[in-house]
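For reference, the structure is listed below as structure tokens.
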Amino acid sequence: MKRFYSLLLLAVSMALMSGCQRGPLPPETPSINPNLPAVENIKTISDMTEIGFEWTPQYDEGVAGYHLYRGTGEGPLTRVATVNDRYASHYVDTGLTPETLYHYRMATFTTSKQESTPSAVVNAQTRPLLDSVPFVKAIVGLPNRVKLLWRPHPYERVGSYIVERNELNSDTWSRIAEVKGRLNAEYIDTGLKDNHVYRYRVMVRTFDGIISKPSEIIEAKTKPLPKMIEGIEATRTLPKKIILTWRPSPEKDISHYRIYRAPTSVLFYTFLAKTNESRFEDLINTNGADRYYKITAVDTDGLESLRQPNPVMGTTLDIPLPPAITGVRQDASGVLITWSQVDQRAEKFEVIKKARGDSQVIQGITSGQFLDHDVRKGVSYTYEVVAIDQYGLASKASQSVRVQIPNE
């Protein structure tokens, strides 16, 4: 209890003391006046960076105040403070190094700069630096972030927590945050690299600016990106569309897949669609159109896998090749046109008949010939043949043949 009242008195004295000069002061050799009363009954109390002093004040009219001298080790003692009031009896020496032994002596002085005989040397050691939080934990595997948790510090003078970070194989620590409030015990470090290891440590700061030792160093790894999608296939035999299929991602937290497309393998890939299935139909209203694809997986945290280094090409089905007319014959029964099936996809044929500016299409022919009975004498006819596949895709017209029907 006595120590408590001494601390309280020290704090009050600091607030009221206006005539005190702090050091270190310029070195000087004082003139000793043995008739001046010396400082007696010096008592000290230590903190981490401060040492408080209490002494018996000297009310002699010749005393103007008190000088305080300080030293460490075997070195000389240097004047570090002047208390300009003989009625003062307390002083706090601040800005000291924790866990360090200091040597002090005091003397009274007059207005003419004379000093009394120095007091006996008083030894005082600052307390060890405050320990950091007793427990720190990292929540790992989070997307682009690391969550830090710690136990609130028991010391009630703690005002905030300092969080520092570095990376593996680095000796440089960066201060990334200061969390205010002794009871706050969490910090989330965001904007980090995926699948990357970081190291953290925590220190506490007291209300009077003292920073503790660092906590233990903990490592934390951010969540990796989903694995790259494999087994992508694209069709080349379907009309007006390309069907994409791929192996489903083996990871359990996949939300959906994203499909990117480009008209050539070297152009920029634009987002096309997203799907929850491992299959997608790209409808394209063009025959024989090439498209290039890359597919990614996106997890429930929004992390997206890398795209494939090489795209997969798909093609819509092109029209069949046109037939090749192999013969034409005209007799009394009419005009016989024959052709060869150049494209094996052809399932039926159409004959385009033209005469005198009119055009007629004869459909549903399944053989490789057509006999036209509907011809008139003296009229010139032109014939072309078109191949039709199972999807109804029509080839370009074959080469044309011209037949002139005689008048007789």
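Identifiers for the structure tokens are assigned positionally: chains receive A, B, ... in sequence, residues are indexed from 1 per chain, and ligands are indexed from 1 in the order shown.
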
Once DSSP has gone over the backbone, tell me which residues of segment 71-182 of chain A are in strand (DSSP E), as JSON, numbers by chain. {"A": [71, 78, 79, 80, 81, 82, 83, 90, 91, 92, 93, 101, 102, 103, 104, 105, 106, 107, 108, 109, 114, 115, 122, 123, 124, 125, 136, 137, 138, 139, 146, 147, 148, 149, 150, 158, 159, 160, 161, 162, 163, 164, 165, 166, 167, 174, 175, 176, 177, 178, 179, 180]}

What are the closest atom pairs, with distances in Å to one decimal, for all residues of segment 147-201 of chain A lying within 8 Å of segment 213-218 of chain A? Consider only C-alpha atoms, order rows by chain and residue number, and present the result as JSON lines.
```
{"residue": "A:Arg199", "atom": "CA", "partner": "A:Ile218", "partner_atom": "CA", "distance": 5.6}
{"residue": "A:Tyr200", "atom": "CA", "partner": "A:Ile218", "partner_atom": "CA", "distance": 5.4}
{"residue": "A:Arg201", "atom": "CA", "partner": "A:Ile217", "partner_atom": "CA", "distance": 5.0}
```

Writing out the chosen residues with N, CA, C and O atoms as a short mmCIF file (atom, residue, chain, number, x, y, z; two decimals), in the first residue's frame:
```
data_model
loop_
_atom_site.label_atom_id
_atom_site.label_comp_id
_atom_site.auth_asym_id
_atom_site.auth_seq_id
_atom_site.Cartn_x
_atom_site.Cartn_y
_atom_site.Cartn_z
N ARG A 199 4.31 -14.80 -42.42
CA ARG A 199 4.65 -14.93 -41.00
C ARG A 199 4.18 -13.68 -40.27
O ARG A 199 4.25 -12.57 -40.80
N TYR A 200 3.74 -13.89 -39.03
CA TYR A 200 3.20 -12.78 -38.25
C TYR A 200 3.74 -12.80 -36.82
O TYR A 200 4.12 -13.86 -36.30
N ARG A 201 3.75 -11.62 -36.21
CA ARG A 201 4.02 -11.50 -34.78
C ARG A 201 3.24 -10.29 -34.26
O ARG A 201 2.89 -9.37 -35.03
#
```

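Closest approach to Ala289 of chain A among A:Leu321, A:Ile42, A:Leu267, A:Leu238: A:Leu238, based on only C-alpha atoms.
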
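Look at Pro154 of chain A: the protein and nucleic acid residues within 10 Å of it, using only C-alpha atoms and passing over chain neighbours fewer than 6 places away, are A:Val133, A:Pro134, A:Arg182, A:Leu183.
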
Which of these residues is nearest to Tyr269 of chain A, using only C-alpha atoms: A:Leu244, A:Ser174, A:Tyr293, A:Gly95?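 Answer, going by the shortest atom-to-atom distance: A:Tyr293.
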
For atom CA of Val401 of chain A and atom CA of Thr338 of chain A, determine how far apart the two atoms are, in Å to one decimal place.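 Interatomic distance, atom CA of Val401 of chain A to atom CA of Thr338 of chain A: 10.8 Å.
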
Ala262 of chain A: which residues within 9 Å, counting only C-alpha atoms, same-chain residues fewer than 2 positions away excluded, as a ChimeraX atom specification? /A:260,264-270,291-294

Need the shell around segment 99-115 of chain A: protein/DNA/RNA residues with any atom at most 9 Å away, counting only C-alpha atoms. Skip same-chain ones fewer than 2 positions apart. Format as a ChimeraX atom specification? /A:30-34,36-40,42,48-49,58,62-73,77,86,96-97,117-129

Identify, on the basis of only C-alpha atoms, every residue whose closest approach to segment 302-308 of chain A does not exceed 10 Å; exclude the query and any residue fewer than 5 positions from it along the same chain; express the result as a PyMOL selection string. chain A and resi 143-144+194+223-230+232+254-260+293-297

Which distance in Å separates atom CA of Thr300 of chain A and atom CA of Asn184 of chain A, to one decimal?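 We find that atom CA of Thr300 of chain A and atom CA of Asn184 of chain A lie 29.0 Å from each other.
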
At what distance in Å, to one decimal, does atom CA of Asn285 of chain A lie from atom CA of Pro309 of chain A?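 Those two atoms sit 27.9 Å apart.
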
Excluding same-chain residues fewer than 4 positions from Gly378 of chain A, what lies within 12 Å of it counting only C-alpha atoms, as a ChimeraX atom specification? /A:355-356,403-408
